[in-house]
>>> print(open('my_file07.cif').read())   # mmCIF, C-alpha atoms and all ligand atoms
data_data
#
loop_
_atom_site.label_atom_id
_atom_site.label_comp_id
_atom_site.auth_asym_id
_atom_site.auth_seq_id
_atom_site.Cartn_x
_atom_site.Cartn_y
_atom_site.Cartn_z
CA MET F 1 80.74 149.24 98.61
CA THR F 2 83.97 150.72 99.96
CA TYR F 3 87.31 148.91 100.08
CA ASP F 4 90.68 149.92 101.49
CA ALA F 5 92.22 148.75 98.24
CA VAL F 6 90.92 147.70 94.84
CA ILE F 7 93.40 145.97 92.58
CA ILE F 8 92.78 145.83 88.84
CA GLY F 9 94.43 142.70 87.42
CA ALA F 10 94.35 139.20 88.91
CA GLY F 11 97.78 138.34 87.54
CA ALA F 12 101.06 137.68 89.30
CA ALA F 13 101.59 141.16 90.77
CA GLY F 14 97.92 141.85 91.54
CA LEU F 15 97.34 138.61 93.46
CA MET F 16 100.58 138.99 95.40
CA CYS F 17 99.67 142.56 96.32
CA ALA F 18 96.15 141.48 97.31
CA LEU F 19 97.21 138.71 99.67
CA THR F 20 99.83 140.92 101.29
CA ALA F 21 97.32 143.72 101.88
CA GLY F 22 94.70 141.22 103.05
CA TYR F 23 97.05 139.77 105.67
CA ALA F 24 97.81 143.33 106.79
CA GLY F 25 94.12 143.63 107.69
CA ARG F 26 92.99 145.60 104.64
CA ARG F 27 89.65 145.09 102.96
CA VAL F 28 90.72 144.13 99.45
CA LEU F 29 88.95 143.51 96.15
CA VAL F 30 90.67 142.22 93.00
CA ILE F 31 88.90 142.66 89.69
CA ASP F 32 89.81 141.28 86.28
CA HIS F 33 88.04 141.25 82.95
CA ALA F 34 89.22 137.71 82.21
CA ASN F 35 87.25 134.64 83.21
CA LYS F 36 90.25 133.11 85.02
CA ALA F 37 92.89 134.48 87.38
CA GLY F 38 96.58 134.25 86.49
CA ARG F 39 96.23 133.31 82.83
CA LYS F 40 99.78 134.36 81.98
CA ILE F 41 101.11 132.37 84.91
CA LEU F 42 99.31 129.32 83.51
CA MET F 43 100.92 129.67 80.08
CA SER F 44 104.36 130.64 81.38
CA GLY F 45 107.48 128.51 81.24
CA GLY F 46 105.86 126.17 78.72
CA GLY F 47 103.07 125.46 81.23
CA ARG F 48 105.46 124.91 84.13
CA CYS F 49 106.09 128.52 85.17
CA ASN F 50 109.67 129.60 85.74
CA PHE F 51 108.51 131.34 88.90
CA THR F 52 111.81 132.86 90.02
CA HIS F 53 115.55 132.99 89.47
CA LEU F 54 117.65 132.32 92.55
CA ASN F 55 120.22 134.95 91.55
CA SER F 56 117.77 137.63 90.49
CA SER F 57 119.20 141.09 91.08
CA PRO F 58 118.60 144.62 89.76
CA ALA F 59 121.27 143.90 87.11
CA ASN F 60 118.77 141.57 85.40
CA PHE F 61 116.35 144.41 84.65
CA PHE F 62 115.99 147.10 81.99
CA SER F 63 114.44 150.49 82.75
CA ASP F 64 115.00 154.15 81.92
CA ASN F 65 115.26 154.55 85.71
CA PRO F 66 117.46 151.57 86.66
CA HIS F 67 117.56 152.28 90.41
CA PHE F 68 113.79 152.12 90.80
CA CYS F 69 113.57 148.32 91.13
CA ILE F 70 116.31 147.97 93.77
CA SER F 71 114.28 148.61 96.92
CA ALA F 72 111.45 146.14 96.25
CA LEU F 73 113.78 143.43 94.91
CA LYS F 74 115.96 143.76 98.00
CA ARG F 75 113.02 143.47 100.36
CA TYR F 76 111.32 140.50 98.69
CA ARG F 77 113.91 138.06 97.43
CA PRO F 78 113.68 134.79 95.45
CA GLU F 79 114.06 132.72 98.63
CA HIS F 80 110.92 134.33 100.05
CA PHE F 81 108.85 133.07 97.12
CA VAL F 82 110.56 129.65 97.33
CA GLU F 83 109.56 129.48 100.99
CA LEU F 84 105.95 130.25 100.00
CA VAL F 85 105.73 127.52 97.36
CA GLU F 86 107.45 125.01 99.65
CA ARG F 87 104.92 125.78 102.38
CA HIS F 88 102.20 124.80 99.88
CA GLY F 89 103.97 121.57 98.94
CA VAL F 90 104.79 122.60 95.36
CA ASP F 91 107.51 120.44 93.83
CA TYR F 92 109.97 122.37 91.71
CA VAL F 93 113.09 121.80 89.65
CA GLU F 94 116.11 123.95 88.88
CA LYS F 95 116.59 123.66 85.13
CA THR F 96 119.24 126.04 83.90
CA PRO F 97 121.22 127.14 86.99
CA GLY F 98 119.07 129.41 89.16
CA GLN F 99 115.85 129.04 87.15
CA LEU F 100 113.11 127.39 89.21
CA PHE F 101 110.17 125.74 87.44
CA CYS F 102 107.19 123.80 88.80
CA ALA F 103 107.94 120.10 88.51
CA ASP F 104 104.34 119.47 87.54
CA SER F 105 102.27 122.44 86.35
CA ALA F 106 101.99 126.21 86.51
CA LYS F 107 98.50 125.64 87.93
CA GLU F 108 100.27 125.03 91.25
CA ILE F 109 101.44 128.64 91.41
CA VAL F 110 97.94 129.98 90.72
CA ARG F 111 96.59 127.58 93.36
CA VAL F 112 99.11 128.94 95.92
CA LEU F 113 98.19 132.55 95.18
CA LEU F 114 94.43 131.98 95.19
CA THR F 115 94.60 129.93 98.40
CA GLU F 116 96.61 132.66 100.10
CA CYS F 117 94.18 135.30 98.85
CA GLU F 118 91.29 133.32 100.29
CA TRP F 119 93.05 132.91 103.65
CA ALA F 120 93.79 136.64 103.66
CA GLY F 121 90.11 137.44 103.08
CA VAL F 122 90.57 138.91 99.59
CA GLU F 123 87.49 139.24 97.39
CA LEU F 124 87.93 138.33 93.71
CA ARG F 125 85.62 139.44 90.92
CA LEU F 126 86.34 138.07 87.47
CA LYS F 127 84.64 138.99 84.16
CA THR F 128 84.41 142.57 85.38
CA SER F 129 85.46 145.44 83.18
CA VAL F 130 86.31 148.94 84.29
CA GLU F 131 84.61 151.71 82.37
CA ARG F 132 85.89 154.80 84.14
CA ILE F 133 88.06 155.83 87.05
CA GLU F 134 87.89 159.13 88.88
CA ARG F 135 89.15 160.72 92.07
CA HIS F 136 86.64 160.51 94.87
CA GLY F 137 87.48 162.57 97.94
CA GLU F 138 90.72 161.16 99.35
CA GLY F 139 90.17 157.91 97.46
CA MET F 140 89.11 156.66 94.03
CA ARG F 141 85.86 155.63 92.39
CA LEU F 142 85.64 152.93 89.73
CA LEU F 143 82.68 152.61 87.41
CA THR F 144 82.62 148.96 86.44
CA SER F 145 80.38 146.52 84.60
CA SER F 146 79.13 145.48 88.05
CA GLY F 147 78.48 149.00 89.34
CA ALA F 148 80.38 151.75 91.17
CA ILE F 149 83.12 150.78 93.62
CA ASP F 150 84.88 153.17 96.00
CA CYS F 151 88.27 152.57 97.53
CA GLY F 152 90.98 154.25 99.55
CA ALA F 153 93.68 153.08 97.15
CA LEU F 154 93.54 151.84 93.58
CA VAL F 155 96.34 149.50 92.51
CA VAL F 156 96.78 148.99 88.78
CA ALA F 157 98.34 145.60 87.98
CA THR F 158 97.12 145.16 84.42
CA GLY F 159 100.46 143.96 82.98
CA GLY F 160 101.95 144.66 79.57
CA LEU F 161 100.81 144.41 75.98
CA SER F 162 102.03 140.94 75.10
CA ILE F 163 99.59 138.21 74.05
CA PRO F 164 96.44 140.29 73.52
CA SER F 165 94.49 137.05 73.04
CA MET F 166 95.14 136.36 76.75
CA GLY F 167 93.52 139.60 77.86
CA ALA F 168 96.49 142.00 77.69
CA THR F 169 95.41 145.61 77.17
CA GLY F 170 96.91 149.09 77.18
CA PHE F 171 94.50 149.97 79.99
CA GLY F 172 97.21 150.71 82.57
CA PHE F 173 99.06 153.01 80.18
CA ASP F 174 95.88 154.94 79.30
CA LEU F 175 95.04 155.32 82.96
CA ALA F 176 98.54 156.54 83.76
CA ARG F 177 98.21 159.21 81.05
CA GLN F 178 94.78 160.19 82.38
CA PHE F 179 96.45 161.09 85.69
CA GLY F 180 99.37 162.93 84.08
CA LEU F 181 102.07 160.24 84.14
CA SER F 182 104.20 159.59 81.10
CA VAL F 183 104.70 156.26 79.42
CA THR F 184 108.05 155.39 77.86
CA GLU F 185 108.15 153.86 74.40
CA THR F 186 106.93 150.27 74.48
CA ARG F 187 107.99 147.37 72.28
CA PRO F 188 107.73 143.57 72.37
CA ALA F 189 110.66 141.85 74.12
CA LEU F 190 111.72 138.27 74.83
CA VAL F 191 110.34 137.53 71.40
CA PRO F 192 111.48 135.32 68.47
CA PHE F 193 112.87 136.87 65.29
CA THR F 194 111.33 136.57 61.84
CA LEU F 195 113.48 136.36 58.72
CA THR F 196 113.26 137.42 55.07
CA SER F 197 112.76 135.00 52.21
CA GLN F 198 116.24 133.52 51.73
CA TRP F 199 116.95 133.22 55.45
CA LYS F 200 113.39 132.16 56.19
CA ALA F 201 113.76 129.21 53.79
CA ARG F 202 117.05 128.28 55.44
CA ALA F 203 115.60 128.44 58.96
CA GLU F 204 112.54 126.49 57.83
CA ALA F 205 114.77 123.70 56.55
CA LEU F 206 116.51 123.60 59.94
CA ALA F 207 113.34 123.85 62.08
CA GLY F 208 113.89 122.06 65.37
CA VAL F 209 117.71 122.31 65.28
CA ALA F 210 119.21 123.91 68.41
CA CYS F 211 122.72 124.68 69.60
CA GLU F 212 124.39 126.90 72.17
CA VAL F 213 125.65 130.16 70.69
CA SER F 214 126.92 133.47 71.85
CA VAL F 215 124.99 136.39 70.37
CA ARG F 216 125.12 140.20 70.19
CA THR F 217 123.20 142.79 68.21
CA LEU F 218 125.08 145.20 65.99
CA ARG F 219 123.76 148.71 65.38
CA ALA F 220 125.90 150.62 62.88
CA GLY F 221 128.70 148.19 63.77
CA GLU F 222 128.38 148.84 67.54
CA PRO F 223 127.75 145.68 69.61
CA ARG F 224 124.90 145.70 72.16
CA GLY F 225 123.96 143.02 74.66
CA HIS F 226 125.63 139.65 74.95
CA TYR F 227 124.17 136.27 75.82
CA ARG F 228 125.52 132.76 75.66
CA GLU F 229 122.43 130.61 75.42
CA PRO F 230 120.77 128.27 72.91
CA LEU F 231 119.55 129.26 69.45
CA LEU F 232 116.59 127.36 68.01
CA PHE F 233 115.63 127.40 64.31
CA THR F 234 111.88 127.46 63.74
CA HIS F 235 109.55 127.53 60.74
CA ARG F 236 109.22 131.28 61.19
CA GLY F 237 112.79 132.22 62.04
CA LEU F 238 115.05 132.23 65.10
CA SER F 239 114.00 131.46 68.65
CA GLY F 240 115.41 129.79 71.78
CA PRO F 241 116.61 131.51 74.96
CA GLY F 242 119.59 133.23 73.28
CA MET F 243 117.40 134.90 70.66
CA LEU F 244 114.66 135.85 73.15
CA GLN F 245 117.26 137.46 75.41
CA ILE F 246 118.98 139.46 72.68
CA SER F 247 115.60 140.64 71.34
CA SER F 248 115.50 143.00 74.34
CA PHE F 249 118.41 144.91 72.74
CA TRP F 250 117.34 144.55 69.12
CA GLU F 251 115.84 147.35 67.05
CA PRO F 252 114.71 147.21 63.42
CA GLY F 253 117.72 147.31 61.11
CA ASP F 254 120.12 145.76 63.64
CA GLU F 255 122.14 142.72 62.64
CA LEU F 256 122.74 139.70 64.86
CA ALA F 257 126.36 138.59 65.25
CA ILE F 258 126.37 134.95 66.32
CA ASP F 259 129.35 132.91 67.46
CA LEU F 260 128.37 129.34 66.60
CA LEU F 261 131.30 127.87 68.55
CA PRO F 262 131.38 129.96 71.74
CA GLY F 263 134.45 129.47 73.87
CA VAL F 264 136.30 127.70 71.03
CA ASP F 265 139.17 129.22 69.04
CA ALA F 266 137.84 127.94 65.71
CA PHE F 267 141.05 128.66 63.77
CA GLU F 268 143.17 126.75 66.32
CA ALA F 269 140.66 123.89 66.34
CA LEU F 270 140.60 123.69 62.52
CA CYS F 271 144.42 123.74 62.30
CA ALA F 272 144.61 120.98 64.95
CA ALA F 273 142.06 118.89 63.02
CA ARG F 274 144.06 119.36 59.78
CA ARG F 275 147.22 118.25 61.58
CA GLU F 276 145.67 115.24 63.30
CA THR F 277 143.18 114.05 60.65
CA PRO F 278 144.40 115.52 57.34
CA ARG F 279 142.19 113.30 55.11
CA ARG F 280 139.03 114.33 56.87
CA GLN F 281 136.40 116.46 55.08
CA LEU F 282 135.83 119.87 56.60
CA SER F 283 132.07 119.17 56.69
CA SER F 284 132.67 116.03 58.76
CA TRP F 285 134.68 118.04 61.31
CA LEU F 286 131.93 120.65 61.40
CA ALA F 287 129.25 118.01 61.98
CA GLU F 288 131.11 116.98 65.11
CA GLN F 289 131.02 120.54 66.50
CA LEU F 290 127.44 121.44 65.52
CA PRO F 291 124.13 119.68 64.82
CA ARG F 292 124.58 117.77 61.53
CA ARG F 293 121.81 119.61 59.63
CA LEU F 294 123.22 122.98 60.60
CA ALA F 295 126.75 121.89 59.63
CA GLN F 296 125.44 120.81 56.22
CA GLY F 297 123.65 124.12 55.80
CA LEU F 298 126.75 126.14 56.65
CA VAL F 299 128.84 124.26 54.11
CA GLU F 300 126.18 124.87 51.49
CA TRP F 301 125.96 128.62 52.26
CA HIS F 302 129.66 129.33 52.78
CA GLY F 303 131.08 126.86 50.24
CA GLY F 304 134.60 125.45 50.30
CA ASP F 305 134.15 121.93 51.64
CA GLY F 306 136.87 119.38 50.96
CA VAL F 307 139.74 117.50 52.52
CA LEU F 308 141.27 119.42 55.42
CA ALA F 309 144.86 118.83 54.21
CA GLU F 310 144.03 120.79 51.04
CA ARG F 311 142.72 123.84 52.90
CA GLY F 312 145.27 126.59 53.36
CA ASN F 313 145.55 128.81 56.45
CA ALA F 314 143.70 131.65 54.76
CA GLU F 315 140.77 129.34 53.98
CA LEU F 316 140.67 127.99 57.54
CA ALA F 317 140.85 131.54 58.88
CA ALA F 318 137.90 132.52 56.66
CA TRP F 319 135.92 129.54 57.97
CA ALA F 320 136.81 130.41 61.58
CA ALA F 321 135.67 134.00 61.02
CA TYR F 322 132.41 132.78 59.45
CA LEU F 323 131.67 130.43 62.36
CA GLY F 324 132.64 132.98 65.01
CA ASP F 325 130.81 135.94 63.50
CA TRP F 326 127.82 134.57 61.64
CA ARG F 327 125.65 137.53 60.59
CA ILE F 328 121.91 137.58 60.13
CA LYS F 329 119.63 140.59 59.74
CA PRO F 330 116.18 139.69 61.07
CA ALA F 331 113.19 141.07 59.18
CA GLY F 332 111.47 141.77 62.49
CA THR F 333 110.06 139.98 65.50
CA GLU F 334 106.90 137.97 66.02
CA GLY F 335 105.58 141.02 67.90
CA TRP F 336 102.98 141.19 70.65
CA ARG F 337 101.41 137.92 69.52
CA THR F 338 104.19 135.84 71.09
CA ALA F 339 106.39 138.28 73.06
CA GLU F 340 106.80 137.29 76.70
CA VAL F 341 107.06 140.84 77.95
CA THR F 342 106.77 144.54 77.19
CA MET F 343 109.92 146.63 77.13
CA GLY F 344 109.12 150.09 78.49
CA GLY F 345 105.95 151.17 80.28
CA ILE F 346 104.86 153.72 82.85
CA ASP F 347 107.72 156.08 83.65
CA THR F 348 108.76 155.20 87.20
CA ARG F 349 110.19 158.64 87.99
CA ALA F 350 106.79 159.74 89.27
CA VAL F 351 106.24 156.56 91.32
CA SER F 352 107.56 155.75 94.80
CA SER F 353 109.96 152.80 94.77
CA LYS F 354 108.91 152.00 98.37
CA THR F 355 105.10 152.12 98.17
CA PHE F 356 104.48 152.29 94.40
CA ALA F 357 102.18 155.28 94.96
CA VAL F 358 102.08 158.05 92.37
CA GLU F 359 103.79 161.21 93.58
CA GLY F 360 101.14 163.67 94.77
CA LEU F 361 98.37 161.08 94.31
CA PRO F 362 98.93 158.37 96.96
CA GLN F 363 95.55 156.76 96.28
CA LEU F 364 96.83 155.58 92.88
CA ARG F 365 99.51 152.90 92.54
CA PHE F 366 101.05 150.85 89.73
CA ILE F 367 102.87 147.50 90.08
CA GLY F 368 104.28 144.69 87.95
CA GLU F 369 104.90 144.72 84.24
CA VAL F 370 102.80 147.82 83.51
CA LEU F 371 105.74 149.83 84.88
CA ASP F 372 108.90 150.52 82.90
CA VAL F 373 110.78 147.62 84.53
CA THR F 374 111.50 144.61 82.32
CA GLY F 375 113.43 141.54 83.35
CA GLU F 376 115.66 139.20 81.40
CA LEU F 377 114.47 135.70 80.61
CA GLY F 378 114.72 133.19 83.44
CA GLY F 379 112.14 133.97 86.14
CA HIS F 380 113.13 137.61 86.71
CA ASN F 381 109.80 139.01 85.44
CA PHE F 382 107.82 137.00 87.95
CA GLN F 383 110.28 137.97 90.69
CA TRP F 384 109.52 141.60 89.83
CA ALA F 385 105.77 140.91 89.95
CA TRP F 386 106.08 139.26 93.40
CA ALA F 387 108.43 141.91 94.79
CA SER F 388 106.48 144.94 93.57
CA GLY F 389 103.21 143.31 94.69
CA VAL F 390 104.51 142.71 98.20
CA ALA F 391 106.01 146.19 98.55
CA CYS F 392 102.78 147.86 97.47
CA GLY F 393 100.48 145.47 99.34
CA GLY F 394 102.31 146.19 102.58
CA ALA F 395 101.85 149.92 102.10
CA VAL F 396 98.21 150.37 100.98
P1 LIG V 401 99.85 139.85 84.20
O1 LIG V 401 99.84 139.96 82.73
O2 LIG V 401 100.28 138.58 84.83
O3 LIG V 401 98.39 140.18 84.77
C1 LIG V 401 97.63 141.26 84.31
C2 LIG V 401 96.17 140.97 84.59
O4 LIG V 401 95.42 142.14 84.31
C3 LIG V 401 95.60 139.87 83.71
O5 LIG V 401 94.93 138.92 84.51
C4 LIG V 401 94.65 140.61 82.77
O6 LIG V 401 93.53 139.82 82.40
C5 LIG V 401 94.25 141.80 83.61
N1 LIG V 401 93.82 142.96 82.83
C6 LIG V 401 94.47 143.55 81.80
N2 LIG V 401 93.76 144.60 81.35
C7 LIG V 401 92.65 144.66 82.11
C8 LIG V 401 91.52 145.53 82.13
N3 LIG V 401 91.41 146.52 81.24
N4 LIG V 401 90.55 145.31 83.04
C9 LIG V 401 90.64 144.29 83.93
N5 LIG V 401 91.68 143.44 83.97
C10 LIG V 401 92.68 143.63 83.07
N6 LIG V 401 108.03 135.43 83.33
C11 LIG V 401 108.82 134.71 84.14
O7 LIG V 401 109.39 135.26 85.07
N7 LIG V 401 108.98 133.35 83.94
C12 LIG V 401 108.34 132.69 82.93
O8 LIG V 401 108.43 131.45 82.81
C13 LIG V 401 107.55 133.45 82.03
N8 LIG V 401 106.99 132.87 80.94
C14 LIG V 401 106.16 133.59 80.13
C15 LIG V 401 105.57 132.97 79.03
C16 LIG V 401 104.71 133.69 78.21
C17 LIG V 401 104.10 133.03 77.00
C18 LIG V 401 104.41 135.04 78.52
C19 LIG V 401 103.43 135.82 77.69
C20 LIG V 401 105.02 135.66 79.60
C21 LIG V 401 105.91 134.95 80.40
N9 LIG V 401 106.55 135.56 81.48
C22 LIG V 401 107.38 134.83 82.28
C23 LIG V 401 106.31 136.99 81.82
C24 LIG V 401 105.29 137.07 82.96
O9 LIG V 401 104.15 136.28 82.63
C25 LIG V 401 104.85 138.52 83.19
O10 LIG V 401 105.97 139.34 83.33
C26 LIG V 401 104.00 138.61 84.46
O11 LIG V 401 102.84 137.81 84.30
C27 LIG V 401 103.60 140.05 84.73
O12 LIG V 401 102.76 140.07 85.85
P2 LIG V 401 101.65 141.22 86.00
O13 LIG V 401 100.84 140.80 87.18
O14 LIG V 401 102.28 142.53 85.97
O15 LIG V 401 100.74 141.09 84.70
#
>>> encode(input="my_file07.cif", output="structure tokens", more="lines below")
Ligand code: FDA
Amino acid sequence: MTYDAVIIGAGAAGLMCALTAGYAGRRVLVIDHANKAGRKILMSGGGRCNFTHLNSSPANFFSDNPHFCISALKRYRPEHFVELVERHGVDYVEKTPGQLFCADSAKEIVRVLLTECEWAGVELRLKTSVERIERHGEGMRLLTSSGAIDCGALVVATGGLSIPSMGATGFGFDLARQFGLSVTETRPALVPFTLTSQWKARAEALAGVACEVSVRTLRAGEPRGHYREPLLFTHRGLSGPGMLQISSFWEPGDELAIDLLPGVDAFEALCAARRETPRRQLSSWLAEQLPRRLAQGLVEWHGGDGVLAERGNAELAAWAAYLGDWRIKPAGTEGWRTAEVTMGGIDTRAVSSKTFAVEGLPQLRFIGEVLDVTGELGGHNFQWAWASGVACGGAV
């Protein structure tokens, strides 16, 4: 059987590419080794899929080749995907400003994509594994568990390495190397931190406590990245949007510098509290600024509780410094098991930013997360999947 395009990977990018190519009149086949299409979509956003971010722009992405993502993101914008879901009657909510989630379930997004694929005449073959890929004349030949398949263009949309239990593989990277492309260093990103024994016990005791913080990483004293988003203590360590975001900058050995009272001049606030309520305990003031259990923990770790009137300026300054620059050195991250995305991937310098074809080998294309383009938390990764899928699907 010969197709104009075969897409490996029935995920966000693969399905978007397939429906776009199908509507353009191409004969399209999507194959996936999983037994269900869009499994990561289904588990995303806590089951409600944060399907885009209204303000998504190239500035929200990391890549060794930062200009690569601009063209596709410009051509297919968040409002285009919003128009698609609205056309299918999907209810959605804007949670944090700009972040759009399904009001009901992520299943709605998979339904939209599969319906569109059906309307566009796309063929879908699940539970199909690819054994070998080779050049075949001007096209490509795939040897699969359901026989040989020939195509004019092969689109690889096999995603990143996160959540191997959901079918993630290094297939796309191996294939890229087979055809002479390089792959930049990969590591888990948007991932919670794990802690060592003393800090692990502290986090465990605070599991479930959350508060807004401002966080940076410090490498040899040099700050990297900056986010003002919630921190969540868990049984394993530190999570929440702020920690997931900063994990994209973090490398083993880096410290986290956390401002527990972002936007507040803690020294000024402490001096004002001492002036206005001199008989108050410092811990009671702290419990008004932060979740009570965290406030108690901080007093226990830092020491020096007592009546505010008896605390000198130097003591209040030390407390302010502690609250504004709380240091933790994570032991590591939870790794691929829970990471939302892969930082790094196929080097985009040998890939066209317009068509996603490999330079000198136009019958081979790569889209979505398998490429070295990684978004911040908040719907940017799906926006990249949609945008790269549409750009490639319109060009195969
Ligand atoms: P994706 O991973 O979606 O699809 C790849 C497909 O290829 C899969 O169907 C897989 O089975 C298939 N495949 C892999 N190897 C294969 C092989 N060898 N043979 C055949 N098929 C193969 N992003 C966001 O913007 N908002 C959000 O809310 C979330 N939430 C979220 C939660 C969790 C828990 C995770 C793990 C991830 C997110 N993400 C996210 C990230 C987002 O899910 C991710 O960036 C996109 O799904 C990437 O789309 P792709 O199509 O590139 O890969």
>>> residues_around(input="my_file07.cif", residues="segment 339-351 of chain F", least_positions_apart="5", cutoff="8 Å", atoms="only C-alpha atoms", output="MDAnalysis selection string")
chainID F and resid 62:65 68 160:163 173 176 181:192 248 334 356:359 365:366 369:374
>>> write_last_selection(input="my_file07.cif", atoms="C-alpha atoms", output="short mmCIF file (atom, residue, chain, number, x, y, z; two decimals), keeping the file's coordinate frame")
data_model
loop_
_atom_site.label_atom_id
_atom_site.label_comp_id
_atom_site.auth_asym_id
_atom_site.auth_seq_id
_atom_site.Cartn_x
_atom_site.Cartn_y
_atom_site.Cartn_z
CA PHE F 62 115.99 147.10 81.99
CA SER F 63 114.44 150.49 82.75
CA ASP F 64 115.00 154.15 81.92
CA ASN F 65 115.26 154.55 85.71
CA PHE F 68 113.79 152.12 90.80
CA GLY F 160 101.95 144.66 79.57
CA LEU F 161 100.81 144.41 75.98
CA SER F 162 102.03 140.94 75.10
CA ILE F 163 99.59 138.21 74.05
CA PHE F 173 99.06 153.01 80.18
CA ALA F 176 98.54 156.54 83.76
CA LEU F 181 102.07 160.24 84.14
CA SER F 182 104.20 159.59 81.10
CA VAL F 183 104.70 156.26 79.42
CA THR F 184 108.05 155.39 77.86
CA GLU F 185 108.15 153.86 74.40
CA THR F 186 106.93 150.27 74.48
CA ARG F 187 107.99 147.37 72.28
CA PRO F 188 107.73 143.57 72.37
CA ALA F 189 110.66 141.85 74.12
CA LEU F 190 111.72 138.27 74.83
CA VAL F 191 110.34 137.53 71.40
CA PRO F 192 111.48 135.32 68.47
CA SER F 248 115.50 143.00 74.34
CA GLU F 334 106.90 137.97 66.02
CA PHE F 356 104.48 152.29 94.40
CA ALA F 357 102.18 155.28 94.96
CA VAL F 358 102.08 158.05 92.37
CA GLU F 359 103.79 161.21 93.58
CA ARG F 365 99.51 152.90 92.54
CA PHE F 366 101.05 150.85 89.73
CA GLU F 369 104.90 144.72 84.24
CA VAL F 370 102.80 147.82 83.51
CA LEU F 371 105.74 149.83 84.88
CA ASP F 372 108.90 150.52 82.90
CA VAL F 373 110.78 147.62 84.53
CA THR F 374 111.50 144.61 82.32
#
>>> residues_near_ligand(input="my_file07.cif", ligand="ligand LIG 401 (chain V)", cutoff="7 Å", atoms="all atoms listed in the file", output="PyMOL selection string")
chain F and resi 8-14+31-34+37-41+43-46+49-52+128-130+157-160+162-163+166-171+338-341+367-370+377-383+385
>>> closest_residue(input="my_file07.cif", among="F:Leu364, F:Leu323, F:Leu244, F:Val85", to="His136 of chain F", atoms="all atoms listed in the file")
F:Leu364
>>> closest_residue(input="my_file07.cif", among="F:Ala331, F:Asn60, F:Cys17, F:Lys74", to="Val156 of chain F", atoms="all atoms listed in the file")
F:Cys17
>>> atom_distance(input="my_file07.cif", atom1="atom CA of Lys329 of chain F", atom2="atom CA of Trp250 of chain F")
10.4 Å
>>> atom_distance(input="my_file07.cif", atom1="atom CA of Gln198 of chain F", atom2="atom CA of Phe267 of chain F")
28.0 Å
>>> closest_residue(input="my_file07.cif", among="F:Trp384, F:Trp336, F:Phe193, F:Tyr3", to="Ala153 of chain F", atoms="only C-alpha atoms")
F:Tyr3
>>> residues_around(input="my_file07.cif", residues="Asp150 of chain F", least_positions_apart="6", cutoff="8 Å", atoms="only C-alpha atoms", output="NGL selection string")
:F and (1-3 or 136 or 139-142)
>>> atom_distance(input="my_file07.cif", atom1="atom CA of Pro252 of chain F", atom2="atom CA of Arg177 of chain F")
27.0 Å
>>> closest_residue(input="my_file07.cif", among="F:His88, F:Cys69, F:Glu118, F:Asp325", to="Met16 of chain F", atoms="only C-alpha atoms")
F:Glu118
>>> closest_residue(input="my_file07.cif", among="F:Gly208, F:Ala321, F:Ala387, F:Gly375", to="Phe61 of chain F", atoms="all atoms listed in the file")
F:Gly375
>>> residues_around(input="my_file07.cif", residues="Ala18 of chain F", least_positions_apart="2", cutoff="12 Å", atoms="all atoms listed in the file", output="PyMOL selection string")
chain F and resi 3-16+20-31+113-124+153-157+367+386+388-396
>>> closest_residue(input="my_file07.cif", among="F:Ala201, F:Ala207, F:Leu261, F:Ala314", to="Arg228 of chain F", atoms="all atoms listed in the file")
F:Leu261
